[in-house]
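Peer 1: Input structure: entry.txt, which contains compact mmCIF, C-alpha atoms.
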```
# COMPACT_ATOMS: atom_id res chain seq x y z
CA PRO H 1 23.12 20.14 29.30
CA SER H 2 19.63 19.63 30.71
CA TRP H 3 16.57 18.69 28.68
CA LYS H 4 15.17 22.13 29.44
CA GLN H 5 18.06 23.64 27.50
CA VAL H 6 17.43 21.30 24.58
CA PHE H 7 13.67 21.86 24.44
CA SER H 8 13.46 25.61 24.64
CA PRO H 9 10.12 27.23 23.68
CA GLN H 10 11.50 28.35 20.33
CA SER H 11 12.99 24.94 19.57
CA ASN H 12 9.70 23.25 20.45
CA LEU H 13 7.80 25.42 17.96
CA ILE H 14 10.25 24.62 15.20
CA LEU H 15 10.17 20.91 16.01
CA VAL H 16 6.37 20.93 15.69
CA ALA H 17 6.65 22.73 12.35
CA TYR H 18 9.32 20.25 11.24
CA GLY H 19 7.15 17.27 12.11
CA MET H 20 4.03 18.71 10.48
CA MET H 21 5.82 19.62 7.27
CA SER H 22 7.40 16.19 7.04
CA MET H 23 3.99 14.65 7.55
CA HIS H 24 2.01 16.61 4.96
CA THR H 25 4.69 16.65 2.26
CA MET H 26 5.20 12.88 2.49
CA ALA H 27 1.43 12.37 2.58
CA PHE H 28 1.16 14.38 -0.65
CA ASP H 29 3.88 12.26 -2.27
CA SER H 30 1.98 9.10 -1.36
CA LEU H 31 -1.45 10.40 -2.44
CA ILE H 32 -0.62 12.06 -5.75
CA PRO H 33 0.15 8.82 -7.67
CA VAL H 34 -3.12 7.31 -6.42
CA PHE H 35 -4.98 10.47 -7.43
CA LEU H 36 -3.40 10.50 -10.88
CA HIS H 37 -4.34 6.85 -11.51
CA HIS H 38 -7.81 7.12 -9.97
CA PRO H 39 -10.48 6.74 -12.71
CA GLU H 40 -12.09 9.79 -14.22
CA GLN H 41 -15.73 10.48 -13.42
CA GLN H 42 -18.47 11.55 -15.79
CA MET H 43 -19.70 14.89 -14.45
CA ARG H 44 -22.69 15.80 -16.61
CA GLY H 45 -25.93 14.12 -15.64
CA ASN H 46 -24.29 12.05 -12.91
CA PRO H 47 -26.51 11.90 -9.79
CA ASN H 48 -23.46 11.05 -7.68
CA VAL H 49 -21.81 14.38 -8.52
CA ARG H 50 -22.75 17.60 -6.75
CA LEU H 51 -20.13 20.23 -7.45
CA PRO H 52 -18.21 21.93 -6.00
CA PHE H 53 -17.77 19.40 -3.18
CA LYS H 54 -19.09 15.96 -4.08
CA PHE H 55 -17.11 14.19 -6.77
CA VAL H 56 -14.51 11.41 -6.88
CA GLY H 57 -12.89 11.89 -10.27
CA GLY H 58 -9.15 11.51 -10.69
CA PHE H 59 -6.94 11.88 -13.75
CA GLY H 60 -7.35 8.32 -15.02
CA VAL H 61 -3.69 7.89 -15.96
CA GLY H 62 -3.35 4.62 -17.81
CA GLY H 63 -7.12 4.38 -18.40
CA HIS H 64 -9.78 5.79 -20.69
CA LYS H 65 -13.00 7.70 -20.28
CA CYS H 66 -15.98 6.78 -22.44
CA LEU H 67 -18.02 9.68 -23.75
CA PRO H 68 -21.69 8.80 -23.08
CA THR H 69 -23.01 10.68 -26.12
CA MET H 70 -20.64 9.29 -28.74
CA GLY H 71 -19.29 6.06 -27.27
CA GLU H 72 -15.73 7.09 -28.07
CA TYR H 73 -12.57 6.97 -26.05
CA THR H 74 -10.67 10.11 -25.31
CA HIS H 75 -7.15 10.78 -24.08
CA ASN H 76 -7.66 14.12 -22.36
CA HIS H 77 -5.75 12.86 -19.34
CA PRO H 78 -1.94 12.73 -19.14
CA ASP H 79 -0.50 9.27 -19.71
CA SER H 80 2.22 7.53 -17.68
CA GLN H 81 4.95 8.57 -20.11
CA THR H 82 3.90 12.23 -19.80
CA ILE H 83 3.95 12.01 -16.01
CA GLY H 84 7.43 10.49 -16.14
CA PHE H 85 8.60 13.31 -18.38
CA PHE H 86 7.12 15.83 -15.95
CA TYR H 87 9.03 14.31 -13.04
CA THR H 88 12.27 14.39 -15.03
CA LEU H 89 11.77 18.01 -16.02
CA ILE H 90 10.77 19.00 -12.48
CA GLY H 91 13.88 17.27 -11.12
CA ILE H 92 16.06 19.40 -13.38
CA ILE H 93 14.20 22.57 -12.41
CA GLY H 94 14.47 21.52 -8.76
CA MET H 95 18.26 21.50 -8.97
CA VAL H 96 18.22 25.05 -10.29
CA VAL H 97 15.87 26.14 -7.49
CA GLN H 98 17.99 24.37 -4.87
CA PHE H 99 21.38 25.74 -5.88
CA LEU H 100 20.53 29.16 -7.34
CA LEU H 101 17.08 30.44 -6.38
CA PHE H 102 16.88 29.35 -2.74
CA PRO H 103 20.24 30.77 -1.53
CA ALA H 104 19.62 34.13 -3.21
CA THR H 105 16.05 34.39 -1.93
CA ALA H 106 16.92 33.36 1.63
CA LYS H 107 19.81 35.81 1.70
CA ARG H 108 17.66 38.69 0.50
CA TYR H 109 14.43 38.12 2.42
CA GLY H 110 15.56 36.02 5.37
CA VAL H 111 14.99 32.39 6.26
CA LEU H 112 12.01 33.09 8.54
CA ASN H 113 10.17 35.11 5.91
CA CYS H 114 10.74 32.37 3.34
CA MET H 115 9.33 29.82 5.77
CA LYS H 116 6.26 31.96 6.39
CA VAL H 117 5.53 32.15 2.67
CA VAL H 118 5.95 28.39 2.30
CA ALA H 119 3.66 27.72 5.27
CA LEU H 120 0.97 29.94 3.76
CA THR H 121 1.30 28.47 0.26
CA PHE H 122 0.91 24.76 1.01
CA PRO H 123 -2.70 24.90 2.31
CA PHE H 124 -3.94 26.72 -0.79
CA MET H 125 -2.15 24.19 -3.00
CA TYR H 126 -3.79 21.27 -1.18
CA LEU H 127 -7.24 22.89 -1.34
CA ALA H 128 -6.92 23.30 -5.10
CA THR H 129 -5.44 19.85 -5.85
CA PRO H 130 -8.68 17.83 -6.23
CA TYR H 131 -10.13 20.41 -8.61
CA THR H 132 -7.27 20.01 -11.08
CA ALA H 133 -8.98 16.79 -12.21
CA LEU H 134 -11.96 18.86 -13.36
CA VAL H 135 -9.91 20.96 -15.77
CA PRO H 136 -10.89 20.06 -19.35
CA GLY H 137 -8.71 19.24 -22.31
CA PRO H 138 -4.93 19.53 -22.69
CA ILE H 139 -4.74 22.16 -19.94
CA ARG H 140 -4.82 19.25 -17.50
CA ASN H 141 -1.23 18.38 -18.39
CA PHE H 142 -0.16 21.89 -17.43
CA CYS H 143 -2.12 21.62 -14.16
CA VAL H 144 -0.34 18.40 -13.23
CA PHE H 145 3.04 19.92 -14.06
CA LEU H 146 2.30 23.09 -12.08
CA LEU H 147 1.04 21.07 -9.11
CA LEU H 148 4.14 18.87 -8.92
CA LEU H 149 6.48 21.82 -9.43
CA SER H 150 4.76 23.89 -6.72
CA LYS H 151 5.05 21.08 -4.21
CA LEU H 152 8.73 20.47 -5.00
CA THR H 153 9.56 24.16 -4.77
CA GLY H 154 7.78 24.43 -1.42
CA SER H 155 9.75 21.46 -0.07
CA ILE H 156 13.06 22.81 -1.39
CA PHE H 157 12.46 26.06 0.46
CA GLY H 158 10.75 24.66 3.55
CA PHE H 159 13.09 21.96 4.82
CA PRO H 160 16.37 23.94 4.61
CA CYS H 161 14.63 26.89 6.28
CA LEU H 162 13.45 24.70 9.14
CA THR H 163 16.89 23.14 9.53
CA ILE H 164 18.52 26.57 9.73
CA LEU H 165 15.90 27.84 12.17
CA LEU H 166 16.29 24.76 14.35
CA THR H 167 20.06 25.19 14.43
CA ASN H 168 19.73 28.86 15.32
CA SER H 169 17.30 28.04 18.15
CA ALA H 170 19.87 25.93 20.00
CA ALA H 171 20.69 27.45 23.38
CA SER H 172 24.34 26.49 22.95
CA LEU H 173 26.60 24.32 20.81
CA THR H 174 26.49 21.64 23.51
CA VAL H 175 22.82 20.90 22.72
CA LEU H 176 23.07 21.23 18.94
CA GLY H 177 23.74 17.56 18.26
CA THR H 178 20.91 16.41 20.52
CA LEU H 179 18.52 18.95 19.03
CA ASN H 180 19.30 17.91 15.46
CA GLY H 181 18.85 14.27 16.45
CA VAL H 182 15.45 15.01 17.93
CA GLY H 183 14.54 16.99 14.80
CA THR H 184 15.46 14.03 12.58
CA SER H 185 13.39 11.69 14.76
CA VAL H 186 10.38 14.01 14.68
CA ALA H 187 10.65 14.31 10.90
CA ALA H 188 10.88 10.53 10.55
CA PHE H 189 7.74 10.11 12.67
CA GLY H 190 5.91 12.63 10.49
CA ARG H 191 7.00 10.87 7.30
CA ALA H 192 5.69 7.58 8.67
CA ALA H 193 2.41 8.96 9.99
CA GLY H 194 1.47 11.12 6.99
CA PRO H 195 0.94 8.40 4.34
CA ALA H 196 -0.86 6.12 6.81
CA ILE H 197 -3.31 8.80 7.96
CA MET H 198 -3.96 10.29 4.54
CA GLY H 199 -4.23 6.89 2.87
CA ALA H 200 -7.08 6.07 5.24
CA ALA H 201 -8.59 9.52 4.60
CA PHE H 202 -8.44 8.93 0.83
CA SER H 203 -10.29 5.63 1.14
CA PHE H 204 -12.83 7.21 3.49
CA GLY H 205 -13.47 10.10 1.11
CA VAL H 206 -13.75 7.99 -2.06
CA GLU H 207 -16.19 5.58 -0.42
CA ARG H 208 -18.47 8.51 0.41
CA GLY H 209 -18.06 10.29 -2.90
CA TYR H 210 -15.85 13.14 -1.63
CA ILE H 211 -12.33 13.04 -2.98
CA ILE H 212 -11.70 16.46 -1.45
CA ILE H 213 -11.57 14.93 2.07
CA PRO H 214 -7.90 13.81 2.09
CA TRP H 215 -6.67 16.95 0.31
CA TRP H 216 -8.61 19.34 2.50
CA SER H 217 -7.46 17.40 5.55
CA LEU H 218 -3.88 18.08 4.46
CA ALA H 219 -4.69 21.78 4.13
```
Output the file's structure as structure tokens, nothing else.
Peer 2:
Amino acid sequence: PSWKQVFSPQSNLILVAYGMMSMHTMAFDSLIPVFLHHPEQQMRGNPNVRLPFKFVGGFGVGGHKCLPTMGEYTHNHPDSQTIGFFYTLIGIIGMVVQFLLFPATAKRYGVLNCMKVVALTFPFMYLATPYTALVPGPIRNFCVFLLLLSKLTGSIFGFPCLTILLTNSAASLTVLGTLNGVGTSVAAFGRAAGPAIMGAAFSFGVERGYIIIPWWSLA
């Protein structure tokens, strides 16, 4: 088969989507631990904070925030043990989503429709991510859990949908192996590029007081 048969217009679109999704999901996975461990920032009376855009506060996992009025330490942020528990719980929920929810949903609504919903959901999730650090009190734990669960669910739906769509776009069975190989290579390139690009964006944003820069760049 010729390369023209392998790279049909439909296959090219799906390959681009495959590469982009691999890039932004892996970039999220590399940024979220840094964001969780990034120190909290005092918001009230801080000249370096101008909400809703200029702030650099993270969750301060493993650290403490000193209250300026009382000189006390507070533990309003989730600790490392809580984050580990969240990942364990999300892994269990992810298995249920993978084996029960995804097949039923894809069968009922179609793979393409599922992919459209996933593609529309990720940008809103990334736009909202930096603001989860501003949530006060114990609700922050729920925000972290919901954030990690939303990302995992999106990935569980997105990657199988793209694989099925890529397979269905093959002009014939003779190009299927080549097409899947190209798809794997494109995904690998995205997974390598995402953390490198967004890591630089995170440093750039924090240095200038805007932690929204890497997350909004992902969106």
Peer 1: Take the point (-3.1, 22.6, 1.3) in the file's coordinates, draw a sphere of radius 9 Å around it, and report as a list of chain:residue names every protein, DNA or RNA residue with an atom inside or on it, counting only C-alpha atoms.
Peer 2: H:His24, H:Leu120, H:Thr121, H:Phe122, H:Pro123, H:Phe124, H:Met125, H:Tyr126, H:Leu127, H:Ala128, H:Thr129, H:Trp215, H:Trp216, H:Ser217, H:Leu218, H:Ala219
Peer 1: For each of H:Thr88, H:Thr132, H:Asn113, H:Ser169, take the minimum atom-to-atom distance to Gly183 of chain H, counting only C-alpha atoms, then give the residue where this is smallest.
Peer 2: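 Ranking H:Thr88, H:Thr132, H:Asn113, H:Ser169 by distance to Gly183 of chain H, first place goes to H:Ser169.
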Peer 1: Skipping near chain neighbours, those fewer than 5 positions away, what residues fall within 6 Å of segment 25-36 of chain H using only C-alpha atoms, listed as a list in words?
Peer 2: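 The residues satisfying every condition are Gly58, Phe59, Val61, Arg191, Gly194 and Pro195 of chain H.
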Peer 1: Write a file of the just-selected residues containing C-alpha atoms, as a tab-separated table (two decimals), keeping the file's coordinate frame.
Peer 2:
```tsv
chain	number	residue	atom	x	y	z
H	58	GLY	CA	-9.15	11.51	-10.69
H	59	PHE	CA	-6.94	11.88	-13.75
H	61	VAL	CA	-3.69	7.89	-15.96
H	191	ARG	CA	7.00	10.87	7.30
H	194	GLY	CA	1.47	11.12	6.99
H	195	PRO	CA	0.94	8.40	4.34
```
Peer 1: Give me the residues within 8 Å of segment 136-153 of chain H as a PDB file with C-alpha atoms, in the coordinates of the input, counting all atoms listed in the file and dropping any in the same chain fewer than 2 places off.
Peer 2:
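Contents of the output file selection31.pdb:
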```pdb
ATOM      1  CA  THR H  25       4.690  16.650   2.260  1.00  0.00           C
ATOM      2  CA  ASN H  76      -7.660  14.120 -22.360  1.00  0.00           C
ATOM      3  CA  HIS H  77      -5.750  12.860 -19.340  1.00  0.00           C
ATOM      4  CA  PRO H  78      -1.940  12.730 -19.140  1.00  0.00           C
ATOM      5  CA  PHE H  86       7.120  15.830 -15.950  1.00  0.00           C
ATOM      6  CA  TYR H  87       9.030  14.310 -13.040  1.00  0.00           C
ATOM      7  CA  ILE H  90      10.770  19.000 -12.480  1.00  0.00           C
ATOM      8  CA  GLY H  94      14.470  21.520  -8.760  1.00  0.00           C
ATOM      9  CA  VAL H  97      15.870  26.140  -7.490  1.00  0.00           C
ATOM     10  CA  PHE H 122       0.910  24.760   1.010  1.00  0.00           C
ATOM     11  CA  MET H 125      -2.150  24.190  -3.000  1.00  0.00           C
ATOM     12  CA  THR H 129      -5.440  19.850  -5.850  1.00  0.00           C
ATOM     13  CA  THR H 132      -7.270  20.010 -11.080  1.00  0.00           C
ATOM     14  CA  ALA H 133      -8.980  16.790 -12.210  1.00  0.00           C
ATOM     15  CA  LEU H 134     -11.960  18.860 -13.360  1.00  0.00           C
ATOM     16  CA  SER H 155       9.750  21.460  -0.070  1.00  0.00           C
ATOM     17  CA  ILE H 156      13.060  22.810  -1.390  1.00  0.00           C
ATOM     18  CA  PHE H 157      12.460  26.060   0.460  1.00  0.00           C
TER      19      PHE H 157
END
```
Peer 1: So, counting only C-alpha atoms, which residue among H:Ala201, H:Leu89, H:Met21, H:Leu51 is closest to Val118 of chain H?
Peer 2: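 Ranked by minimum distance to Val118 of chain H, first place goes to H:Met21.
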Peer 1: Tell me which protein, DNA and RNA residues are within 12 Å of Thr105 of chain H, counting all atoms listed in the file, leaving out same-chain ones fewer than 5 positions away, and put them as a CSV table (one decimal) with C-alpha atoms, keeping the file's coordinate frame.
Peer 2:
```csv
chain,number,residue,atom,x,y,z
H,97,VAL,CA,15.9,26.1,-7.5
H,98,GLN,CA,18.0,24.4,-4.9
H,99,PHE,CA,21.4,25.7,-5.9
H,100,LEU,CA,20.5,29.2,-7.3
H,110,GLY,CA,15.6,36.0,5.4
H,111,VAL,CA,15.0,32.4,6.3
H,112,LEU,CA,12.0,33.1,8.5
H,113,ASN,CA,10.2,35.1,5.9
H,114,CYS,CA,10.7,32.4,3.3
H,115,MET,CA,9.3,29.8,5.8
H,117,VAL,CA,5.5,32.2,2.7
H,156,ILE,CA,13.1,22.8,-1.4
H,157,PHE,CA,12.5,26.1,0.5
H,161,CYS,CA,14.6,26.9,6.3
```
Peer 1: So that I can see what lies close to Leu179 of chain H, please list as a PyMOL selection string the residues with an atom at most 10 Å from it, counting all atoms listed in the file and leaving out residues fewer than 3 positions away in the same chain.
Peer 2: chain H and resi 3+5-7+11-12+15+166-167+169-171+173-176+182-185
Peer 1: Report, in Å with one decimal, the straight-line distance from atom CA of His38 of chain H to atom CA of Ile213 of chain H.
Peer 2: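 Value for the atom CA of His38 of chain H-atom CA of Ile213 of chain H distance: 14.8 Å.
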Peer 1: Could you tell me how far atom CA of Val56 of chain H sits from atom CA of Ile197 of chain H, in Å to one decimal place?
Peer 2: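 Value for the atom CA of Ile197 of chain H-atom CA of Val56 of chain H distance: 18.8 Å.
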Peer 1: What is the distance, in Å and to one decimal place, between atom CA of Tyr210 of chain H and atom CA of Pro39 of chain H?
Peer 2: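 One can read the atom CA of Tyr210 of chain H to atom CA of Pro39 of chain H distance as 13.9 Å.
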Peer 1: Given the choices H:Ser8, H:Tyr18, H:Ser80, H:Phe55, which gets closest to Glu207 of chain H if the distance is worked out from all atoms listed in the file?
Peer 2: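 Among H:Ser8, H:Tyr18, H:Ser80, H:Phe55, it is H:Phe55 that comes nearest to Glu207 of chain H.
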Peer 1: Could you give me the axis-aligned bounding box of segment 117-124 of chain H, with 4 Å of padding per side, as centre plus edge lengths in Å to one decimal, as lines of an AutoDock Vina configuration file?
Peer 2:
```
center_x = 1.0
center_y = 28.5
center_z = 2.2
size_x = 17.9
size_y = 15.4
size_z = 14.1
```
Peer 1: What residues have an atom no more than 12 Å from (-21.6, 13.4, -14.2) in the file's own frame, counting all atoms listed in the file, and can you write them as a list of chain:residue names?
Peer 2: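 These residues have at least one counted atom within 12 Å: H:Glu40, H:Gln41, H:Gln42, H:Met43, H:Arg44, H:Gly45, H:Asn46, H:Pro47, H:Asn48, H:Val49, H:Arg50, H:Leu51, H:Lys54, H:Phe55, H:Val56, H:Gly57, H:Lys65, H:Cys66, H:Leu67, H:Pro68, H:Leu134.
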